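Undergrad: Got a structure for you, questions after.
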Amino acid sequence: MRLIITSAVLLCSNFFIAQVKQDTIKSENIEAVTIVAKKPTVETKVDRTVFNVADSSILAGNTTWDVLRMTPLVSIDNNDVVKSEGENVTVYINDRKSVFTGKELKEYLKSLPADNLMKIEVITNPSSRYETTGQVINIVLKKREDEGIKGSVAFTNTQNTKNSQYSNLNLNYHKKNFTQTITGSYNDNTNVSSLKTENNLFQDNEQRLIDMQSVYHGKMPSVSSTSELELNDKNNIGVIFEYFQHKSDSENNSVGSVFKNGNPFNTYSINQNEAAKYLVLNSNLFYKYYDKEKNRIFDVNVGFNYNGDRGDRHYLRNQSDLATPEYTRVFEDTQMRNYYVKLDYTQNLGSTNNTLETGVKFDFNNNYMPIDYFGYSSDILRNRFSYKDNLNAVYVNYSTKFFEKLDVRFGLRYEYMTYKLHQENDDIKRDESYGKLMPNALIKYTVSPNFNVSTSYNYSIWRPWYSEFNPFELPTSDGNFYRGNMDLVPNPNHRFTMKFGVYKKYFLSLGYSFTNQDYWTDYIPEGNKLVSFPNNFLGKSERYSVNLNTNQTFFKNKFNVNVTVGINYQDNSDFNHRNSLNTKDYITNFSGSANFTYTNLFDKNINISGWAGVYRNNNGNSIGNTTNVFHNLSVTKIFDKIGLETSLQLNNIFLRPVFDRTTYSQAGTFRNINTSDWYGASLTITKRFGNQKVKENTKTDVEKNQGGGK
């Protein structure tokens, strides 16, 4: 293995040196020069950072999830939670809010081929248009504009601990004013991971050591269809259908030892097998009116989303103080239904310097969680939990410009929420409603063509996920237990930023945010059981951040490099004191990411790309113990004449990620060390057919150029 790695490094070094020599050869008698405009890989704007990947070799052999992990400012923790600058995000796809979160979002984005990506926008200062709890990530897909049928088919084989396969098909048909796009994929993957847990409880000076090994196998077919009809140059209608299925089976084996006051107390082993099926059906009917001359836009979106989550888990527990093994079975069949209507209107007021944007949204959720619990006896405990909510929102944004140098945007969003919870076993109910007014503002001053400064304020709110309310207690694969909490409350967040731009290449961002309450994981011992649950934590937590970003091009724009480095400082002294948490009051973290692309090496249609990210996991009352370095290197060869691409990708081959963090609670400290096979090599073969010309799928640049956010 060392020989292979060393040879690869030397080979890449020779390629790079040879190309530098070739690009620096002097040329004489030049009669004319043609300049072709090309967007930089990373653009930093006043309210967002844009990762332009449409023409990047970074797409080859990757899924949309892989490219999202490589996006500047973005980090993903071991629970597959996506964050931007360490803060929670809401993911949009083509300006449409995704119904997925957490692990479901990961699996869905893995089903979308990166070849379909136009760009990824990290909107650090979203306007009131967005229904968000913090920052926004908008994934923009390509839109074909040429006549006829075109598309691509790709096959990927990945080798890490086990072997996985991935394939996708893209078809597009465009004729005059009608466009039909169909995307399909199939993923058959196997993952191996391990978890070591060290739980130290204050009660009886108890220590629990757990070692768990897991093997996961999943199959994911998906199909999406978009039909769009241009009625005339101002009116478009269309419909989107999406089908996604995730069928999986997994096996977890855990071994645990319990000590009290330093003396052995108990040992146990658990074997868990699970078969699960996750099904998603989405539909969206849309109408768009766009008057380019007067810059008036009216969007109508009506949609229905259905999620079905079925799981059948079997536990077999052997314990030293039990004469016979204990058998437990848990069967779940969650049904989630969402209905929404969304209207958005934008227009200029008097001149292009004044823009008004307003809109409303009506959103309804009806979720039902039936669980059948087969315990140690023959009795069956049936849990029925329902969650219903209605979120109505109205917003307005106003953008203007003064003295040709001062851009201003003010926004206001009002949300009114009603929700009903019912846990039938104990007949526990909760029926509440509340309204929230969420202002935001953004001001940008252009001192000169090479220097500008901006500042912003955003108020947002984070609401609990429906399943986090369910108080029904269930076993986990490591031998402990989990339950939700019906008393969870929404958590507000205030965020201030200041950004400096120099020569359109260097960007310095300063951030400050705070919250006075939040909910995080808590623990409580109940007899011999250890139960985790989400709990409300009061207390002020403050976060300060400094981020520096630069994008550079070399060798006649063939070599592009983007680097982001950051420092985060967190003051949890009040938070820890009020919740009696014996942990660090002040935390300083360094983070960073870098990606590079080199196109057309030796003028032979060979592209090289690489990415590295340095992150540390800190979340509320959980502190990261290690800093992870993720990295990726890929080489792509394009055969233009036959429309073929081959790509070799190496993932985390030098350092393998280990998620090591400790959670602090009034009950004790809980350390988790998680390793997964996020390493290995992938080979992708892509065949393209038809005209591959694309255009950017965007609604308007009015607000984006003047400090707004679509």
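Residues in the structure tokens are named by chain (A, B, ... in the order shown) and by number from 1 within that chain; ligands are numbered from 1 in the order shown.
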Considering only C-alpha atoms, return as a VMD selection string whatever protein or nucleic-acid residues lie within 7 Å of Gly690 in chain A, sequence-local ones (same chain, fewer than 5 positions apart) excluded.

TA: chain A and resid 149 to 151

Undergrad: Please produce an output containing N, CA and C atoms for each residue in the selection, written as a PDB file, in the first residue's frame.

TA:
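Writing the result to selection14.pdb gives the following:
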```pdb
ATOM      1  N   ILE A 149     -33.079  14.905 -27.821  1.00  0.00           N
ATOM      2  CA  ILE A 149     -32.841  14.053 -26.658  1.00  0.00           C
ATOM      3  C   ILE A 149     -31.357  14.041 -26.340  1.00  0.00           C
ATOM      4  N   LYS A 150     -31.034  14.145 -25.063  1.00  0.00           N
ATOM      5  CA  LYS A 150     -29.648  14.071 -24.628  1.00  0.00           C
ATOM      6  C   LYS A 150     -29.624  13.524 -23.202  1.00  0.00           C
ATOM      7  N   GLY A 151     -28.454  13.164 -22.737  1.00  0.00           N
ATOM      8  CA  GLY A 151     -28.370  12.632 -21.383  1.00  0.00           C
ATOM      9  C   GLY A 151     -27.055  11.946 -21.120  1.00  0.00           C
TER      10      GLY A 151
END
```

Undergrad: Given only C-alpha atoms, how would the per-residue table for range 26-135 of chain A near range 591-610 of chain A read, listing every residue at most 12 Å away with its closest atom pair and distance in Å to one decimal, sorted by chain and number, as a tab-separated table?

TA:
```
residue	atom	partner	partner_atom	distance
A:Pro40	CA	A:Thr597	CA	11.0
A:Thr41	CA	A:Thr597	CA	8.7
A:Val42	CA	A:Asn595	CA	9.9
A:Phe51	CA	A:Asn595	CA	10.8
A:Asn52	CA	A:Thr597	CA	11.9
A:Val53	CA	A:Thr597	CA	10.3
A:Asp55	CA	A:Thr599	CA	9.5
A:Ser56	CA	A:Thr597	CA	7.1
A:Ser57	CA	A:Asn607	CA	5.8
A:Ile58	CA	A:Ser609	CA	5.6
A:Leu59	CA	A:Ser609	CA	9.3
A:Ala60	CA	A:Ser609	CA	9.5
A:Gly61	CA	A:Ser609	CA	11.5
A:Asn62	CA	A:Ser609	CA	11.8
A:Val67	CA	A:Asn595	CA	10.9
A:Arg69	CA	A:Ser593	CA	10.2
A:Met70	CA	A:Asn595	CA	7.5
A:Thr71	CA	A:Ser593	CA	8.5
A:Pro72	CA	A:Ser593	CA	6.4
A:Leu73	CA	A:Ser593	CA	7.5
A:Val74	CA	A:Ser593	CA	8.8
A:Ser75	CA	A:Ser593	CA	9.3
A:Ser84	CA	A:Ser591	CA	11.7
A:Glu85	CA	A:Ser591	CA	9.1
A:Gly86	CA	A:Ser591	CA	9.6
```

Undergrad: Any chance you could tabulate, as a tab-separated table, the residues of range 346-427 of chain A at most 12 Å from range 485-501 of chain A with each one's nearest atom pair and distance in Å to one decimal, using only C-alpha atoms, in chain and rising number order?

TA:
```
residue	atom	partner	partner_atom	distance
A:Phe385	CA	A:Met486	CA	10.8
A:Ser386	CA	A:Met486	CA	11.5
A:Tyr387	CA	A:Met486	CA	10.6
A:Met417	CA	A:Pro490	CA	10.8
A:Tyr419	CA	A:Met486	CA	11.7
A:Lys420	CA	A:Met486	CA	10.5
A:Leu421	CA	A:Met486	CA	7.7
A:His422	CA	A:Met486	CA	9.2
A:Gln423	CA	A:Met486	CA	9.0
```

Undergrad: From the set A:Phe259, A:Phe364, A:Tyr679, A:Tyr664, which residue has the shortest atom-to-atom contact distance to Leu633 in chain A, counting only C-alpha atoms?

TA: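 That would be A:Tyr679, the residue with the smallest distance to Leu633 in chain A.
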
Undergrad: Which one is closest to Ala667 in chain A: A:Asp204, A:Thr328, A:Tyr416, A:Glu542? Count only C-alpha atoms.

TA: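 Closest to Ala667 in chain A of all the choices is A:Asp204.
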
Undergrad: Hey, which of A:Thr686, A:Ser634, A:Thr267, A:Ser580 ends up closest to Leu322 in chain A? Count only C-alpha atoms.

TA: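 So, comparing all the options, the nearest one is A:Thr267.
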
Undergrad: Which is closer to Asn618 in chain A than all the others in A:Asp233, A:Glu87, A:Leu655, A:Leu442, using only C-alpha atoms?

TA: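 That would be A:Glu87, the residue with the smallest distance to Asn618 in chain A.
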
Undergrad: Would you list the contacts of Tyr327 in chain A as a PyMOL selection string, taking every protein, DNA or RNA residue within 12 Å and counting only C-alpha atoms, but skipping same-chain residues closer than 4 positions in sequence?

TA: chain A and resi 270-273+313-319+373-378+475

Undergrad: What does the distance from CA of Tyr306 in chain A to CA of Ile139 in chain A come to in Å, to one decimal?

TA: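 Atom-to-atom, CA of Tyr306 in chain A to CA of Ile139 in chain A, that is 21.5 Å.
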
Undergrad: Could you name the residues that touch range 285-300 of chain A at 6 Å or less, counting only C-alpha atoms, but leaving out those on the same chain fewer than 3 positions away, as a list in words?

TA: Lys234, Asn235, Asn236, Ile237, Gly238, Val239, Lys342, Leu343, Asp344, Tyr345, Thr346 and Gln347 of chain A

Undergrad: Generate a file of the selected residues that holds N, CA and C atoms, formatted as a CSV table (one decimal), in the first residue's frame.

TA:
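After the write, selection.csv holds the following:
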```csv
chain,number,residue,atom,x,y,z
A,234,LYS,N,-43.5,34.9,-21.0
A,234,LYS,CA,-43.7,35.3,-19.6
A,234,LYS,C,-44.3,34.3,-18.7
A,235,ASN,N,-44.8,33.2,-19.2
A,235,ASN,CA,-45.6,32.3,-18.4
A,235,ASN,C,-45.1,30.9,-18.6
A,236,ASN,N,-44.8,30.2,-17.5
A,236,ASN,CA,-44.3,28.8,-17.5
A,236,ASN,C,-45.2,28.0,-16.5
A,237,ILE,N,-45.5,26.8,-16.8
A,237,ILE,CA,-46.1,25.9,-15.8
A,237,ILE,C,-45.3,24.6,-15.9
A,238,GLY,N,-45.4,23.8,-14.8
A,238,GLY,CA,-44.7,22.5,-14.8
A,238,GLY,C,-45.1,21.7,-13.6
A,239,VAL,N,-44.7,20.5,-13.6
A,239,VAL,CA,-45.0,19.5,-12.5
A,239,VAL,C,-43.7,18.7,-12.2
A,342,LYS,N,-47.6,27.8,-1.7
A,342,LYS,CA,-46.6,28.9,-1.5
A,342,LYS,C,-46.7,29.9,-2.6
A,343,LEU,N,-46.8,31.2,-2.3
A,343,LEU,CA,-46.9,32.2,-3.3
A,343,LEU,C,-45.8,33.3,-3.1
A,344,ASP,N,-45.1,33.6,-4.1
A,344,ASP,CA,-44.0,34.6,-4.0
A,344,ASP,C,-44.1,35.6,-5.1
A,345,TYR,N,-43.9,36.9,-4.8
A,345,TYR,CA,-44.0,38.0,-5.8
A,345,TYR,C,-42.8,38.9,-5.6
A,346,THR,N,-42.2,39.3,-6.7
A,346,THR,CA,-41.1,40.2,-6.7
A,346,THR,C,-41.3,41.3,-7.8
A,347,GLN,N,-41.0,42.5,-7.5
A,347,GLN,CA,-41.0,43.5,-8.6
A,347,GLN,C,-40.1,44.7,-8.2
```

Undergrad: Hey, which of A:Tyr173, A:Phe575, A:Tyr544, A:Phe481 ends up closest to Ser532 in chain A? Count only C-alpha atoms.

TA: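 So, comparing all the options, the nearest one is A:Phe481.
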
Undergrad: Which one is closest to His217 in chain A: A:Asn187, A:Asn551, A:Asn205, A:Asn199? Count only C-alpha atoms.

TA: A:Asn187

Undergrad: Please identify which residues in range 114-302 of chain A DSSP calls strand (DSSP E) from the backbone, and express them as a VMD selection string.

TA: chain A and resid 117 to 123 135 to 144 148 to 159 163 to 175 178 to 201 206 to 230 235 to 260 263 to 291 296 to 302

Undergrad: Give me, please, the distance in Å between CA of Tyr445 in chain A and CA of Thr355 in chain A, quoted to one decimal.

TA: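 Distance reported for this atom pair: 17.7 Å.
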
Undergrad: Rounded to one decimal in Å, what is the spacing between CA of Asn253 in chain A and CA of Asn621 in chain A?

TA: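 Distance reported for this atom pair: 27.9 Å.
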
Undergrad: Find the residues around Asn365 in chain A up to 12 Å (only C-alpha atoms counted), leave out those fewer than 4 positions away in its own chain, and share them as a list in words.

TA: Val99, Phe304, Asn305, Tyr306, Asn307, Gln335, Met336, Arg337, Asn338, Tyr339, Tyr340, Ser386, Tyr387, Lys388, Asp389, Asn390, Leu391, Asn392, Met417, Thr418, Tyr419, Lys420, Leu421, Trp465 and Tyr466 of chain A

Undergrad: Keeping only N, CA and C atoms, write those residues as a PDB file, in the first residue's frame.

TA:
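The new file selection-v9.pdb reads:
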```pdb
ATOM      1  N   VAL A  99     -37.628  18.058   1.870  1.00  0.00           N
ATOM      2  CA  VAL A  99     -38.384  17.433   2.956  1.00  0.00           C
ATOM      3  C   VAL A  99     -37.486  16.534   3.802  1.00  0.00           C
ATOM      4  N   PHE A 304     -47.483  18.139  -2.414  1.00  0.00           N
ATOM      5  CA  PHE A 304     -47.814  17.089  -1.454  1.00  0.00           C
ATOM      6  C   PHE A 304     -46.603  16.181  -1.302  1.00  0.00           C
ATOM      7  N   ASN A 305     -46.245  15.878  -0.062  1.00  0.00           N
ATOM      8  CA  ASN A 305     -45.114  14.998   0.232  1.00  0.00           C
ATOM      9  C   ASN A 305     -45.581  13.869   1.153  1.00  0.00           C
ATOM     10  N   TYR A 306     -45.142  12.655   0.813  1.00  0.00           N
ATOM     11  CA  TYR A 306     -45.458  11.493   1.654  1.00  0.00           C
ATOM     12  C   TYR A 306     -44.163  10.751   1.983  1.00  0.00           C
ATOM     13  N   ASN A 307     -43.978  10.471   3.275  1.00  0.00           N
ATOM     14  CA  ASN A 307     -42.833   9.673   3.732  1.00  0.00           C
ATOM     15  C   ASN A 307     -43.359   8.497   4.542  1.00  0.00           C
ATOM     16  N   GLN A 335     -45.950   7.120   9.318  1.00  0.00           N
ATOM     17  CA  GLN A 335     -46.557   7.720   8.133  1.00  0.00           C
ATOM     18  C   GLN A 335     -46.494   9.243   8.278  1.00  0.00           C
ATOM     19  N   MET A 336     -45.880   9.908   7.297  1.00  0.00           N
ATOM     20  CA  MET A 336     -45.723  11.359   7.352  1.00  0.00           C
ATOM     21  C   MET A 336     -46.319  11.981   6.091  1.00  0.00           C
ATOM     22  N   ARG A 337     -47.238  12.923   6.263  1.00  0.00           N
ATOM     23  CA  ARG A 337     -47.895  13.582   5.138  1.00  0.00           C
ATOM     24  C   ARG A 337     -47.773  15.091   5.278  1.00  0.00           C
ATOM     25  N   ASN A 338     -47.411  15.731   4.178  1.00  0.00           N
ATOM     26  CA  ASN A 338     -47.214  17.179   4.181  1.00  0.00           C
ATOM     27  C   ASN A 338     -47.930  17.791   2.973  1.00  0.00           C
ATOM     28  N   TYR A 339     -48.653  18.897   3.214  1.00  0.00           N
ATOM     29  CA  TYR A 339     -49.354  19.618   2.162  1.00  0.00           C
ATOM     30  C   TYR A 339     -48.954  21.093   2.265  1.00  0.00           C
ATOM     31  N   TYR A 340     -48.736  21.746   1.128  1.00  0.00           N
ATOM     32  CA  TYR A 340     -48.345  23.151   1.206  1.00  0.00           C
ATOM     33  C   TYR A 340     -48.791  23.930  -0.026  1.00  0.00           C
ATOM     34  N   SER A 386     -49.176  10.609  17.627  1.00  0.00           N
ATOM     35  CA  SER A 386     -49.529  11.432  16.470  1.00  0.00           C
ATOM     36  C   SER A 386     -49.019  12.856  16.671  1.00  0.00           C
ATOM     37  N   TYR A 387     -48.652  13.448  15.552  1.00  0.00           N
ATOM     38  CA  TYR A 387     -48.163  14.828  15.555  1.00  0.00           C
ATOM     39  C   TYR A 387     -48.788  15.564  14.379  1.00  0.00           C
ATOM     40  N   LYS A 388     -49.465  16.673  14.652  1.00  0.00           N
ATOM     41  CA  LYS A 388     -50.071  17.495  13.612  1.00  0.00           C
ATOM     42  C   LYS A 388     -49.650  18.944  13.828  1.00  0.00           C
ATOM     43  N   ASP A 389     -49.351  19.625  12.736  1.00  0.00           N
ATOM     44  CA  ASP A 389     -49.057  21.048  12.865  1.00  0.00           C
ATOM     45  C   ASP A 389     -49.527  21.807  11.628  1.00  0.00           C
ATOM     46  N   ASN A 390     -49.696  23.098  11.820  1.00  0.00           N
ATOM     47  CA  ASN A 390     -50.047  24.022  10.731  1.00  0.00           C
ATOM     48  C   ASN A 390     -49.169  25.259  10.898  1.00  0.00           C
ATOM     49  N   LEU A 391     -48.304  25.504   9.905  1.00  0.00           N
ATOM     50  CA  LEU A 391     -47.405  26.653   9.931  1.00  0.00           C
ATOM     51  C   LEU A 391     -47.809  27.610   8.811  1.00  0.00           C
ATOM     52  N   ASN A 392     -48.251  28.797   9.180  1.00  0.00           N
ATOM     53  CA  ASN A 392     -48.604  29.830   8.211  1.00  0.00           C
ATOM     54  C   ASN A 392     -47.593  30.967   8.329  1.00  0.00           C
ATOM     55  N   MET A 417     -47.638  29.225  14.345  1.00  0.00           N
ATOM     56  CA  MET A 417     -47.545  27.763  14.426  1.00  0.00           C
ATOM     57  C   MET A 417     -48.573  27.222  15.408  1.00  0.00           C
ATOM     58  N   THR A 418     -49.338  26.212  14.980  1.00  0.00           N
ATOM     59  CA  THR A 418     -50.199  25.450  15.882  1.00  0.00           C
ATOM     60  C   THR A 418     -49.803  23.983  15.762  1.00  0.00           C
ATOM     61  N   TYR A 419     -49.724  23.288  16.884  1.00  0.00           N
ATOM     62  CA  TYR A 419     -49.379  21.873  16.815  1.00  0.00           C
ATOM     63  C   TYR A 419     -50.081  21.094  17.926  1.00  0.00           C
ATOM     64  N   LYS A 420     -50.354  19.818  17.589  1.00  0.00           N
ATOM     65  CA  LYS A 420     -51.031  18.922  18.514  1.00  0.00           C
ATOM     66  C   LYS A 420     -50.236  17.630  18.634  1.00  0.00           C
ATOM     67  N   LEU A 421     -49.987  17.216  19.868  1.00  0.00           N
ATOM     68  CA  LEU A 421     -49.286  15.957  20.156  1.00  0.00           C
ATOM     69  C   LEU A 421     -50.213  15.062  20.967  1.00  0.00           C
ATOM     70  N   TRP A 465     -37.915  18.314  15.888  1.00  0.00           N
ATOM     71  CA  TRP A 465     -38.419  17.375  14.895  1.00  0.00           C
ATOM     72  C   TRP A 465     -39.506  16.541  15.541  1.00  0.00           C
ATOM     73  N   TYR A 466     -40.513  16.123  14.762  1.00  0.00           N
ATOM     74  CA  TYR A 466     -41.699  15.480  15.329  1.00  0.00           C
ATOM     75  C   TYR A 466     -41.352  14.254  16.176  1.00  0.00           C
TER      76      TYR A 466
END
```

Undergrad: If we count only C-alpha atoms and set the cut-off at 7 Å, which residues sit around range 656-659 of chain A, ignoring sequence neighbours fewer than 5 positions away in its own chain? Please answer as a PyMOL selection string.

TA: chain A and resi 78+628-630+673-675+679

Undergrad: Now that the selection is made, can you save its residues with N, CA and C atoms as an mmCIF file, in the first residue's frame?

TA:
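again_28.cif was written with the following content:
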```
data_model
loop_
_atom_site.group_PDB
_atom_site.id
_atom_site.type_symbol
_atom_site.label_atom_id
_atom_site.label_comp_id
_atom_site.auth_asym_id
_atom_site.auth_seq_id
_atom_site.Cartn_x
_atom_site.Cartn_y
_atom_site.Cartn_z
ATOM 1 N N ASN A 78 -20.759 13.202 12.540
ATOM 2 C CA ASN A 78 -20.916 11.753 12.453
ATOM 3 C C ASN A 78 -22.376 11.311 12.480
ATOM 4 N N ASN A 628 -10.773 16.161 12.878
ATOM 5 C CA ASN A 628 -10.768 15.250 11.735
ATOM 6 C C ASN A 628 -10.275 15.945 10.476
ATOM 7 N N VAL A 629 -9.518 15.213 9.676
ATOM 8 C CA VAL A 629 -9.053 15.702 8.380
ATOM 9 C C VAL A 629 -9.631 14.790 7.310
ATOM 10 N N PHE A 630 -10.569 15.324 6.508
ATOM 11 C CA PHE A 630 -11.137 14.588 5.380
ATOM 12 C C PHE A 630 -10.392 15.006 4.112
ATOM 13 N N ILE A 673 -16.738 7.129 20.572
ATOM 14 C CA ILE A 673 -15.684 7.112 19.553
ATOM 15 C C ILE A 673 -16.203 6.275 18.392
ATOM 16 N N ASN A 674 -16.499 6.938 17.287
ATOM 17 C CA ASN A 674 -17.119 6.284 16.145
ATOM 18 C C ASN A 674 -16.182 6.283 14.955
ATOM 19 N N THR A 675 -15.973 5.125 14.365
ATOM 20 C CA THR A 675 -15.179 5.007 13.141
ATOM 21 C C THR A 675 -16.015 4.318 12.075
ATOM 22 N N TYR A 679 -13.387 5.562 3.558
ATOM 23 C CA TYR A 679 -12.114 5.563 2.847
ATOM 24 C C TYR A 679 -12.196 4.516 1.736
#
```
